[in-house]
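These notes are about the structure you will find just below.
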Amino acid sequence: MKRALTAALLVAVAALLLAAVAELPPHGSPDSPPYTHVSAYYLEHGPDEAGAENMVTNVILNYRGFDTQGEVTVIVTAMLAVLAVLLWTGQAEGDQPGPAPAATGSSLVVRFIVRVMAPFIAVFGIYVILHGHVTPGGGFQGGTMIGALVIALTLVLEDTRSAALLPRRPARLLQVAAPLTFFGVGVIGLVLWGEYLYYPRDPSSLWITELLLLVVEAGIGLGGAIVIATIFRVMGAQR
Amino acid sequence: MSDWPPLLAVFLALPLTAAVLTPAVCRSSSTRGWAWALVTMLVTSVIGGVLIARVATRGPFSYVVGGWTAPYGIELRFDEFSAAVAIICLLGVLAIVFSRRYAERALQAERIPYYYALLLLNLTGMLGFTVTGDLFNLFVFLEILSLSGYALVAISGEKIAEMAAFKYLVMGAISSLMVLFGTGMLYALTGSLNMADITSRLAGAAQTPLIVALGAMTLGFMVKAALFPLHVWLPDAHAIAPSPVSAILSGLVVKVGIIGMLRLYQIAYGSGAVDLAGLNLVLTWLGALAIVMGAFFAVFQDDIKMMLAYSTISNIGYIVMGLGLASTYSVIGASVHVFNHALIKATLFLGAGALIHQTGKRTLTDLAGIGKAMPFTVAAISIGAISIVGIPPTAGFLCKWYIALGAMQAGHPFFGFALVFGALLIFIYYIRMVNAFYFREPRDRAAVDVQEAPATMLIPVLVLATLCLVMGVLGRLPLTFIEPAVERLLMPVGGG
């Protein structure tokens, strides 16, 4: 009975949503509002005033940079939530030992492959972070790769060495690298040009904008990687 | 300084950054964490005061971050409704002061830096939510305040707290998703995320998607506001959280749903593209139902914090009913009750927190006769109780009076009766509480033989209780302040 009711409710909601979506301006049509209004402005003016060749980067870091400052804060909030509830019993300050690699049961092959691949993954991650203003990618994507690399290494390295990958004291500051960089760049705009999160937009000084965007990307990448690695480490320490 | 446009961006960016820095700054010293949080919130409050002074003297103003013009950049908009930042800052400061001793006993030392960080994030999320003029930016701040809210409920690390937080998280995540879904639909219809821009571009939009979008967002906001019957997550979460967190959650965080609803009305009424009469009727009925059901459940509670949590459901009912009636008086009453209920509920939750901190007990049965041992705290709680029932001349009276007047004005006197009936039920359970504290014989004399609460806890409670009385006397001030905003809001639908 309960199942039948749930199914009926789901069908009704789905029908309503489908009816609504069917009446939306056609997806992909050049006349639909999402293509003719704000985004049209971004595409037309972005290359000349926003500093990055990649229009997505222009929108998330420049035109709507304040949203992205909020988003990186959301990520840090999630990490703080995990830390607050589970607490960090990392080894760096000698609280209690984490799992030994043998206990995690990774085979010799896995351990060897991860070690061989590590430098290549790291280089690719850094490339994705720094090239994000030209090609698809950026701080979020590259940071995730580096974070995943730290997680993979944690799984195969001996405990003391994997703890050294994420020393606790500097990690406290590095975890918040992304919001901190945003605030720093925001204040630079405030001091030099009188607007929070301002980037110069005339062609002669567009290189300054490009440089600042790179700094922000690097901050997001570093902060993101540390956040992911921290969350994994804290959850991994839960027995 | 109030003429300096970027002040509005600094108002958000500063506490946002200070909040995430808390664990790094205070290491493991809980005193340093407390001081850092308090200074941050005090500085933010001063900026908030400057902004409110400006809106009071010269009307609403905007700042577009990064110097891009709206709708291409993100517009922050400070109007009369944004003056809600006053109560967010005030309760923020008082809850932090109160936490000084409370957190030391209630939480493990390692958790305290994260506690202050999350508390600051929660408060800043609400500030951002209240002053943004951009729909996606609204969602970002909604996420900051929701995530930190879930964590604050779970922070004691006890199993029951984790369960309550998980229930809150599941409901909250679904409601956030509804808001995001509606935002996406509105973007598909208009190509814009700026609220004012959407309002001007909605005319002639297809009706079905528009109604579904507004419906989804309303549903999302009403889950956040815990409107009956979407309230199931609230009692546990609010009762189990540490008391300063309960004060913030019950006083402020549920109001986020109401402020979101006001923003939605600004878009829907302003565009004239859709008729909201049906939605308003549903909200009015659910509001009336919430008043009665919330009060009904509260009567049967023995746990004081549980009782206060159900009382919040009643009061959200008053506010939603006021919005749904959509007459000038009722909307003014509802808007001001957002402010006054926050004040009253914070008095009660912080007062209850002080009792629990001193005695270790939390039920009416165990706390009987506590009035002699902690006279100031119990007096403050009594003032809060009188205010929330709505007895003049306290803060609760004028709002309810305005909502009742609004029911007459809208031609629905029945809802005026619902309001009075609800007030009677509320009177019963608060009289039970005050009676137990003052007149019942203690069950275990040793349990209530305690000292009055320490100064850092007593002062916030007394300040709030005094404000409950002051706002009763100065009640017309916020009402007249919010009036132009409500008239602007209802003008397109011929309210007034």
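Chain labels follow the order of the structure tokens: the first chain is A, the next B, and so on; residue numbering restarts at 1 in every chain, and ligands are counted from 1 in their shown order.
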Please run DSSP on the backbone and report, as number ranges by chain, all residues within range 212-401 of chain B that come out as alpha helix (DSSP H).
B: 212-225, 234-240, 243-248, 254-271, 277-299, 304-325, 328-359, 364-367, 375-389, 395-401
Margin query: Residues of chain B within 8 Å of chain A, counting only C-alpha atoms, what are they? List them as number ranges by chain.
Written below: B: 6, 9-10, 13, 16-17, 20-21, 23-24, 65-68, 71-74, 110-111, 114-115, 117-118, 121, 136-137, 140-141, 143-144, 147-148, 151-152, 154-157, 185, 187-192, 206, 208-210, 212
Distance query Val378 in chain B at most 12 Å, only C-alpha atoms, self and fewer than 3 positions along chain excluded, as a PyMOL selection string = chain B and resi 347-355+367-375+381-385+433-438+452-453+458+461-462+465
- Can you work out which one of A:Leu149, A:Ala7, A:Ile129, A:Ile208 has the shortest atom-to-atom distance to Ser162 in chain A, counting only C-alpha atoms?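 Smallest distance to Ser162 in chain A is found for A:Leu149.
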*Neighbours of Leu479 in chain B within 10 Å (only C-alpha atoms; same-chain residues fewer than 2 positions away dropped), as a PyMOL selection string?*
chain B and resi 329+332-333+335-337+398-399+402+474-477+481-484
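Closest to Thr377 in chain B among B:Ala290, B:Met471, B:Met457, B:Ile96 is B:Met457, based on only C-alpha atoms.
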